Amino acid sequence: MSEMKNYTLNFGPQHPAAHGVLRLILELDGEVVERADPHIGLLHRGTEKLAESKPYNQSIGYMDRLDYVSMMCNEHAYVMSIEKMLGLKVPERAEYIRVMFDEITRIMNHLMWIGTHALDVGAMSVFLYAFRERETLIDCYEAVSGSRMHATYYRPGGVYRDLPDTMPQYLDSKLRSEEKLKEINENRQGSLLDFIEDFAKNFPKSIQQYSDLLTDNRIWKQRLVNIAIVSPERAMQLGFTGAMLRGSGVEWDIRKNEPYSVYDKLDFEVPVGVTGDCYDRYLVRMEEMRQSTNIINQCVAWLKANPGPVMSDDHKVTPPNREDMKDDMESLIHHFKLFTEGYCLPEGEAYTAVEAPKGEFGVYMVSDGANKPYRVKIRAPGFAHLAAMDEMSRGHMLSDVVTIIGSQDIVFGEVDR
Amino acid sequence: MKELKQKLSKAFGKKNVTEAYDELTLVINSDNVVEVCHKLKDEFKFEILIDLCGVDYLTYGESDWNGNASSSGFGRARQAQKSTNQKDQRFGVIYHLLSVSSNQRLRVKALLSTDNLMIQSVTKIWNCADWFEREAFDLFGILFENHNDLRRILTDYGFVGHPLRKDFPMIGEVEMRYDDQLGRVVYEPVSIEPNVNVPRVIRK
């Protein structure tokens, strides 16, 4: 018999299960992974360098494009770091809107994750259902910011504008009957808050549907249970955050432990896993969706009862009212200064982190007192998770690598920056 | 946090611990980074290294309007300034630590001397430092001693230079295109002009 040799396999960068542009060099012994070496950077766009050359406000849009399935959470970390250094107070209504959209984003991200994860593992239908629900949430993004994904909705000092009172309607089309049109427009008759409330009412049923399809599914369990077990000690050693850390049984959630925005006023639970395998991480994320729905309900109730401003009135940082500009000299000057030069942050440095759907998303901002950041370092959760790929996949089968990538919830926008 | 500040001051000297925006910063000497980090992990229970990054302080505190701007006009700001700063400690390595058990954070800052861009690796203490150190090496050229696998990570295969250094132009040095005649991809010096739309100003 000829001597057996290890086999090196190039996985990606153009592979549907590589979640974008991951290139993995796998060293295989038969079908068992001996070593995995992820090559990243194929989506590197130099966000940090670009941010250094622009006034603070012009980089908010770049944050959307980092983790491009949880856009508003990234924005939140960025604007919070600016607000922290300026000592800027944000109106309470804006905080509630932000938290509501953070949770909408979390559900959006998890829907994307469950869909692609299931697709990678071999269950096609979950993907279709998950994207149906995700579409509703993208409509919320669109209603509030005019953009389906890259919203640039959060601004230092609040949010760009208040929630709209009407929802856009589907129009008459040759492709659907009048009854159908009436049916799909039915939940769009009220304001955006009514629309979100309606979603939150129906969504638990959808989660139950995914859960029915997967949780006790034999094939799903065979593929996930006991795959890539990470002990709590190792999880901390590897720099895990978010659902990856909680899946391993460490109770740590920035929303609970270091509450930012108005999370301390809201009531929710933090799910924690036991064994730290892919299945536990799946269960944790499923429960997070239920908790997020709960938070959304609380925010909707508060927002309905409490109208008010959504933007700070410190016009050194936020644009003045358009009408005031017409007869108020000072407003005109503020407007001109803000849009030509921007504002300066005091000299210093600050690190702000939010609990993004994937883990801790942090922004380390260094300012030398100028109108542009001196250095912005983006701490992406996926970067640390992907670094653990080698350790997590070692000793598992080639097909499990796909499960692990799905379980890590990798998005290359944030890993490569 | 007060308690932690006192304990840190006692262990590492009072003048090295500063507080700003409710965050603690510990400035250390780059030579004994491993020693300090061991202590922070074992005694102060900072189990997680959240982030490690480099910073280039070359143009810190310089604005585009310094000097006689009125005689040369706005065009002055359209080109990136050459810094005349000579700094003894141009680069810094910043560690962000998190303690899950005591719910505390700490920033550790080590400045490097310009003629020796070498610092000890902390991969043995926190394994996740591996990729973060590779990134700092890639983007700033900071060398980490005792790192097992110090390769470039984010930039292209065969990339030259360290892009996040302040003297690296934003438009880059080379551009890439497919050459029909040669039948392969070729690299050429960049043809676009640097452009600054908003000059950098510092207002105190």
# chains A, B, ... in the order shown; residues from 1 in each chain; ligands from 1
>>> interface_residues(of="chain A", to="chain B", cutoff="6 Å", atoms="only C-alpha atoms", output="list in words")
Gly41, Met236, Gln237, Leu238, Gly239, Asp368, Gly369, Ala370 and Asn371 of chain A
>>> write_last_selection(atoms="N, CA, C and O atoms", output="PDB file, in the first residue's frame")
ATOM      1  N   GLY A  41      -8.912  39.303   4.581  1.00  0.00           N
ATOM      2  CA  GLY A  41      -8.443  40.554   3.998  1.00  0.00           C
ATOM      3  C   GLY A  41      -8.888  40.741   2.565  1.00  0.00           C
ATOM      4  O   GLY A  41      -8.558  41.741   1.943  1.00  0.00           O
ATOM      5  N   MET A 236     -12.915  32.465  26.829  1.00  0.00           N
ATOM      6  CA  MET A 236     -12.381  33.743  27.274  1.00  0.00           C
ATOM      7  C   MET A 236     -10.964  33.941  26.744  1.00  0.00           C
ATOM      8  O   MET A 236     -10.578  35.015  26.322  1.00  0.00           O
ATOM      9  N   GLN A 237     -10.213  32.864  26.766  1.00  0.00           N
ATOM     10  CA  GLN A 237      -8.843  32.897  26.257  1.00  0.00           C
ATOM     11  C   GLN A 237      -8.811  33.298  24.779  1.00  0.00           C
ATOM     12  O   GLN A 237      -7.915  33.994  24.324  1.00  0.00           O
ATOM     13  N   LEU A 238      -9.823  32.860  24.044  1.00  0.00           N
ATOM     14  CA  LEU A 238      -9.866  33.149  22.613  1.00  0.00           C
ATOM     15  C   LEU A 238     -10.552  34.474  22.287  1.00  0.00           C
ATOM     16  O   LEU A 238     -10.731  34.819  21.128  1.00  0.00           O
ATOM     17  N   GLY A 239     -10.939  35.194  23.314  1.00  0.00           N
ATOM     18  CA  GLY A 239     -11.513  36.520  23.083  1.00  0.00           C
ATOM     19  C   GLY A 239     -12.926  36.498  22.547  1.00  0.00           C
ATOM     20  O   GLY A 239     -13.327  37.433  21.869  1.00  0.00           O
ATOM     21  N   ASP A 368      -7.037  64.219  18.598  1.00  0.00           N
ATOM     22  CA  ASP A 368      -6.034  65.201  19.024  1.00  0.00           C
ATOM     23  C   ASP A 368      -6.649  66.590  19.034  1.00  0.00           C
ATOM     24  O   ASP A 368      -5.941  67.582  18.987  1.00  0.00           O
ATOM     25  N   GLY A 369      -7.958  66.656  19.070  1.00  0.00           N
ATOM     26  CA  GLY A 369      -8.639  67.939  19.140  1.00  0.00           C
ATOM     27  C   GLY A 369      -9.053  68.467  17.787  1.00  0.00           C
ATOM     28  O   GLY A 369      -9.498  69.604  17.671  1.00  0.00           O
ATOM     29  N   ALA A 370      -8.919  67.666  16.739  1.00  0.00           N
ATOM     30  CA  ALA A 370      -9.240  68.124  15.400  1.00  0.00           C
ATOM     31  C   ALA A 370     -10.668  67.760  15.015  1.00  0.00           C
ATOM     32  O   ALA A 370     -11.391  67.121  15.774  1.00  0.00           O
ATOM     33  N   ASN A 371     -11.058  68.178  13.798  1.00  0.00           N
ATOM     34  CA  ASN A 371     -12.402  67.866  13.322  1.00  0.00           C
ATOM     35  C   ASN A 371     -12.482  66.502  12.645  1.00  0.00           C
ATOM     36  O   ASN A 371     -13.498  66.120  12.116  1.00  0.00           O
TER      37      ASN A 371
END
>>> residues_around(residues="A:Lys256", least_positions_apart="3", cutoff="10 Å", atoms="only C-alpha atoms", output="MDAnalysis selection string")
chainID A and resid 251:253 259:260 263:264 266:270 355
>>> residues_around(residues="stretch 140-144 of chain B", least_positions_apart="6", cutoff="6 Å", atoms="only C-alpha atoms", output="number ranges by chain")
B: 117-121, 162, 164-165
>>> atom_distance(atom1="atom CA of A:Val225", atom2="atom CA of A:Cys278")
6.3 Å
>>> residues_around(residues="A:Lys358", least_positions_apart="4", cutoff="9 Å", atoms="only C-alpha atoms", output="list of chain:residue names")
A:Ser70, A:Arg106, A:Asn109, A:His110, A:Thr241, A:Gly242, A:Ala243, A:Met244, A:Ala380, A:Pro381, A:Gly382, A:Gln408, A:Asp409, A:Ile410
>>> closest_residue(among="A:Lys180, A:Arg322, A:Lys84, A:His150", to="A:Tyr364", atoms="only C-alpha atoms")
A:Lys84
>>> closest_residue(among="A:Ser331, A:Gln14, A:Thr8, A:Gln291", to="A:Ile207", atoms="only C-alpha atoms")
A:Gln291
>>> residues_around(residues="A:Gly146", least_positions_apart="3", cutoff="12 Å", atoms="only C-alpha atoms", output="PDB file with all heavy atoms, in the first residue's frame")
ATOM      1  N   ILE A 138     -36.610  44.968   7.084  1.00  0.00           N
ATOM      2  CA  ILE A 138     -35.928  45.870   6.160  1.00  0.00           C
ATOM      3  C   ILE A 138     -36.866  47.002   5.757  1.00  0.00           C
ATOM      4  O   ILE A 138     -36.438  48.146   5.601  1.00  0.00           O
ATOM      5  CB  ILE A 138     -35.404  45.078   4.938  1.00  0.00           C
ATOM      6  CG1 ILE A 138     -34.213  44.232   5.379  1.00  0.00           C
ATOM      7  CG2 ILE A 138     -34.983  46.003   3.822  1.00  0.00           C
ATOM      8  CD1 ILE A 138     -33.546  43.461   4.290  1.00  0.00           C
ATOM      9  N   ASP A 139     -38.164  46.694   5.674  1.00  0.00           N
ATOM     10  CA  ASP A 139     -39.143  47.739   5.395  1.00  0.00           C
ATOM     11  C   ASP A 139     -39.161  48.800   6.499  1.00  0.00           C
ATOM     12  O   ASP A 139     -39.358  49.981   6.218  1.00  0.00           O
ATOM     13  CB  ASP A 139     -40.541  47.130   5.231  1.00  0.00           C
ATOM     14  CG  ASP A 139     -40.717  46.476   3.876  1.00  0.00           C
ATOM     15  OD1 ASP A 139     -39.869  46.724   3.000  1.00  0.00           O
ATOM     16  OD2 ASP A 139     -41.685  45.723   3.687  1.00  0.00           O
ATOM     17  N   CYS A 140     -38.953  48.362   7.737  1.00  0.00           N
ATOM     18  CA  CYS A 140     -38.879  49.328   8.846  1.00  0.00           C
ATOM     19  C   CYS A 140     -37.680  50.244   8.661  1.00  0.00           C
ATOM     20  O   CYS A 140     -37.751  51.447   8.883  1.00  0.00           O
ATOM     21  CB  CYS A 140     -38.760  48.618  10.193  1.00  0.00           C
ATOM     22  SG  CYS A 140     -40.131  47.563  10.575  1.00  0.00           S
ATOM     23  N   TYR A 141     -36.556  49.654   8.285  1.00  0.00           N
ATOM     24  CA  TYR A 141     -35.361  50.449   8.007  1.00  0.00           C
ATOM     25  C   TYR A 141     -35.669  51.481   6.934  1.00  0.00           C
ATOM     26  O   TYR A 141     -35.328  52.642   7.040  1.00  0.00           O
ATOM     27  CB  TYR A 141     -34.243  49.524   7.462  1.00  0.00           C
ATOM     28  CG  TYR A 141     -33.202  49.125   8.469  1.00  0.00           C
ATOM     29  CD1 TYR A 141     -33.564  48.575   9.681  1.00  0.00           C
ATOM     30  CD2 TYR A 141     -31.852  49.276   8.179  1.00  0.00           C
ATOM     31  CE1 TYR A 141     -32.601  48.177  10.576  1.00  0.00           C
ATOM     32  CE2 TYR A 141     -30.886  48.883   9.074  1.00  0.00           C
ATOM     33  CZ  TYR A 141     -31.265  48.329  10.275  1.00  0.00           C
ATOM     34  OH  TYR A 141     -30.307  47.951  11.162  1.00  0.00           O
ATOM     35  N   GLU A 142     -36.342  51.007   5.885  1.00  0.00           N
ATOM     36  CA  GLU A 142     -36.606  51.873   4.746  1.00  0.00           C
ATOM     37  C   GLU A 142     -37.547  53.010   5.143  1.00  0.00           C
ATOM     38  O   GLU A 142     -37.336  54.161   4.755  1.00  0.00           O
ATOM     39  CB  GLU A 142     -37.205  51.045   3.605  1.00  0.00           C
ATOM     40  CG  GLU A 142     -37.194  51.779   2.291  1.00  0.00           C
ATOM     41  CD  GLU A 142     -37.738  50.934   1.161  1.00  0.00           C
ATOM     42  OE1 GLU A 142     -38.149  49.786   1.418  1.00  0.00           O
ATOM     43  OE2 GLU A 142     -37.749  51.433   0.035  1.00  0.00           O
ATOM     44  N   ALA A 143     -38.554  52.660   5.946  1.00  0.00           N
ATOM     45  CA  ALA A 143     -39.528  53.682   6.329  1.00  0.00           C
ATOM     46  C   ALA A 143     -38.874  54.785   7.138  1.00  0.00           C
ATOM     47  O   ALA A 143     -39.241  55.954   7.041  1.00  0.00           O
ATOM     48  CB  ALA A 143     -40.648  53.039   7.138  1.00  0.00           C
ATOM     49  N   MET A 149     -30.793  49.062   3.668  1.00  0.00           N
ATOM     50  CA  MET A 149     -29.724  48.475   4.478  1.00  0.00           C
ATOM     51  C   MET A 149     -28.825  49.522   5.137  1.00  0.00           C
ATOM     52  O   MET A 149     -28.716  49.575   6.340  1.00  0.00           O
ATOM     53  CB  MET A 149     -28.872  47.546   3.621  1.00  0.00           C
ATOM     54  CG  MET A 149     -29.578  46.260   3.279  1.00  0.00           C
ATOM     55  SD  MET A 149     -28.523  45.189   2.345  1.00  0.00           S
ATOM     56  CE  MET A 149     -27.469  44.527   3.601  1.00  0.00           C
ATOM     57  N   HIS A 150     -28.190  50.335   4.320  1.00  0.00           N
ATOM     58  CA  HIS A 150     -27.188  51.251   4.867  1.00  0.00           C
ATOM     59  C   HIS A 150     -27.859  52.551   5.276  1.00  0.00           C
ATOM     60  O   HIS A 150     -27.918  53.504   4.518  1.00  0.00           O
ATOM     61  CB  HIS A 150     -26.080  51.452   3.852  1.00  0.00           C
ATOM     62  CG  HIS A 150     -25.460  50.148   3.473  1.00  0.00           C
ATOM     63  ND1 HIS A 150     -24.911  49.319   4.422  1.00  0.00           N
ATOM     64  CD2 HIS A 150     -25.330  49.513   2.307  1.00  0.00           C
ATOM     65  CE1 HIS A 150     -24.464  48.232   3.828  1.00  0.00           C
ATOM     66  NE2 HIS A 150     -24.716  48.319   2.550  1.00  0.00           N
ATOM     67  N   ALA A 151     -28.350  52.553   6.504  1.00  0.00           N
ATOM     68  CA  ALA A 151     -29.301  53.569   6.915  1.00  0.00           C
ATOM     69  C   ALA A 151     -28.685  54.922   7.232  1.00  0.00           C
ATOM     70  O   ALA A 151     -29.250  55.947   6.892  1.00  0.00           O
ATOM     71  CB  ALA A 151     -30.057  53.058   8.125  1.00  0.00           C
ATOM     72  N   THR A 152     -27.511  54.950   7.904  1.00  0.00           N
ATOM     73  CA  THR A 152     -26.952  56.202   8.434  1.00  0.00           C
ATOM     74  C   THR A 152     -28.023  56.970   9.212  1.00  0.00           C
ATOM     75  O   THR A 152     -28.205  58.162   9.045  1.00  0.00           O
ATOM     76  CB  THR A 152     -26.369  57.092   7.323  1.00  0.00           C
ATOM     77  OG1 THR A 152     -25.819  56.263   6.325  1.00  0.00           O
ATOM     78  CG2 THR A 152     -25.265  57.985   7.849  1.00  0.00           C
ATOM     79  N   TYR A 153     -28.713  56.259  10.052  1.00  0.00           N
ATOM     80  CA  TYR A 153     -29.858  56.831  10.751  1.00  0.00           C
ATOM     81  C   TYR A 153     -29.447  57.442  12.088  1.00  0.00           C
ATOM     82  O   TYR A 153     -29.956  58.462  12.502  1.00  0.00           O
ATOM     83  CB  TYR A 153     -30.906  55.734  10.945  1.00  0.00           C
ATOM     84  CG  TYR A 153     -32.161  56.159  11.663  1.00  0.00           C
ATOM     85  CD1 TYR A 153     -32.898  57.251  11.217  1.00  0.00           C
ATOM     86  CD2 TYR A 153     -32.610  55.462  12.770  1.00  0.00           C
ATOM     87  CE1 TYR A 153     -34.048  57.635  11.871  1.00  0.00           C
ATOM     88  CE2 TYR A 153     -33.766  55.836  13.419  1.00  0.00           C
ATOM     89  CZ  TYR A 153     -34.488  56.925  12.966  1.00  0.00           C
ATOM     90  OH  TYR A 153     -35.628  57.295  13.611  1.00  0.00           O
ATOM     91  N   TYR A 160     -31.646  60.683  13.063  1.00  0.00           N
ATOM     92  CA  TYR A 160     -31.821  61.667  12.006  1.00  0.00           C
ATOM     93  C   TYR A 160     -33.199  62.310  12.018  1.00  0.00           C
ATOM     94  O   TYR A 160     -33.343  63.506  11.857  1.00  0.00           O
ATOM     95  CB  TYR A 160     -31.527  61.023  10.652  1.00  0.00           C
ATOM     96  CG  TYR A 160     -31.835  61.913   9.489  1.00  0.00           C
ATOM     97  CD1 TYR A 160     -31.181  63.144   9.349  1.00  0.00           C
ATOM     98  CD2 TYR A 160     -32.776  61.563   8.536  1.00  0.00           C
ATOM     99  CE1 TYR A 160     -31.467  63.972   8.294  1.00  0.00           C
ATOM    100  CE2 TYR A 160     -33.067  62.388   7.476  1.00  0.00           C
ATOM    101  CZ  TYR A 160     -32.411  63.597   7.356  1.00  0.00           C
ATOM    102  OH  TYR A 160     -32.702  64.423   6.311  1.00  0.00           O
ATOM    103  N   ARG A 161     -34.250  61.520  12.181  1.00  0.00           N
ATOM    104  CA  ARG A 161     -35.578  62.105  12.256  1.00  0.00           C
ATOM    105  C   ARG A 161     -36.508  61.192  13.048  1.00  0.00           C
ATOM    106  O   ARG A 161     -36.185  60.044  13.316  1.00  0.00           O
ATOM    107  CB  ARG A 161     -36.151  62.344  10.865  1.00  0.00           C
ATOM    108  CG  ARG A 161     -36.317  61.065  10.086  1.00  0.00           C
ATOM    109  CD  ARG A 161     -37.027  61.333   8.792  1.00  0.00           C
ATOM    110  NE  ARG A 161     -37.226  60.089   8.086  1.00  0.00           N
ATOM    111  CZ  ARG A 161     -37.663  60.006   6.839  1.00  0.00           C
ATOM    112  NH1 ARG A 161     -37.934  61.090   6.175  1.00  0.00           N
ATOM    113  NH2 ARG A 161     -37.829  58.851   6.264  1.00  0.00           N
ATOM    114  N   LEU A 163     -39.884  58.947  14.022  1.00  0.00           N
ATOM    115  CA  LEU A 163     -40.513  57.836  13.319  1.00  0.00           C
ATOM    116  C   LEU A 163     -41.683  58.343  12.476  1.00  0.00           C
ATOM    117  O   LEU A 163     -42.443  59.200  12.918  1.00  0.00           O
ATOM    118  CB  LEU A 163     -41.028  56.817  14.338  1.00  0.00           C
ATOM    119  CG  LEU A 163     -39.963  56.291  15.290  1.00  0.00           C
ATOM    120  CD1 LEU A 163     -40.614  55.504  16.415  1.00  0.00           C
ATOM    121  CD2 LEU A 163     -38.980  55.409  14.553  1.00  0.00           C
ATOM    122  N   PRO A 164     -41.850  57.845  11.266  1.00  0.00           N
ATOM    123  CA  PRO A 164     -42.923  58.352  10.404  1.00  0.00           C
ATOM    124  C   PRO A 164     -44.306  57.903  10.880  1.00  0.00           C
ATOM    125  O   PRO A 164     -44.455  56.855  11.504  1.00  0.00           O
ATOM    126  CB  PRO A 164     -42.595  57.732   9.045  1.00  0.00           C
ATOM    127  CG  PRO A 164     -41.774  56.548   9.355  1.00  0.00           C
ATOM    128  CD  PRO A 164     -41.027  56.839  10.598  1.00  0.00           C
ATOM    129  N   MET A 167     -46.981  54.434   6.850  1.00  0.00           N
ATOM    130  CA  MET A 167     -46.107  53.438   6.213  1.00  0.00           C
ATOM    131  C   MET A 167     -46.319  53.494   4.707  1.00  0.00           C
ATOM    132  O   MET A 167     -47.446  53.687   4.250  1.00  0.00           O
ATOM    133  CB  MET A 167     -46.475  52.033   6.705  1.00  0.00           C
ATOM    134  CG  MET A 167     -45.837  51.632   8.010  1.00  0.00           C
ATOM    135  SD  MET A 167     -44.057  51.645   7.963  1.00  0.00           S
ATOM    136  CE  MET A 167     -43.683  50.142   7.080  1.00  0.00           C
ATOM    137  N   PRO A 168     -45.257  53.320   3.928  1.00  0.00           N
ATOM    138  CA  PRO A 168     -45.458  53.245   2.481  1.00  0.00           C
ATOM    139  C   PRO A 168     -46.308  52.021   2.132  1.00  0.00           C
ATOM    140  O   PRO A 168     -46.203  50.987   2.787  1.00  0.00           O
ATOM    141  CB  PRO A 168     -44.040  53.081   1.924  1.00  0.00           C
ATOM    142  CG  PRO A 168     -43.119  53.271   3.052  1.00  0.00           C
ATOM    143  CD  PRO A 168     -43.872  53.135   4.319  1.00  0.00           C
TER     144      PRO A 168
END
>>> residues_around(residues="A:Asn297", least_positions_apart="2", cutoff="9 Å", atoms="only C-alpha atoms", output="count of residues only")
13
>>> select_by_dssp(residues="stretch 105-274 of chain A", states="helix (DSSP H, G or I)", output="ChimeraX atom specification")
/A:105-121,124-145,178-184,186-188,192-214,218-224,232-237,242-247,254-257,263-265
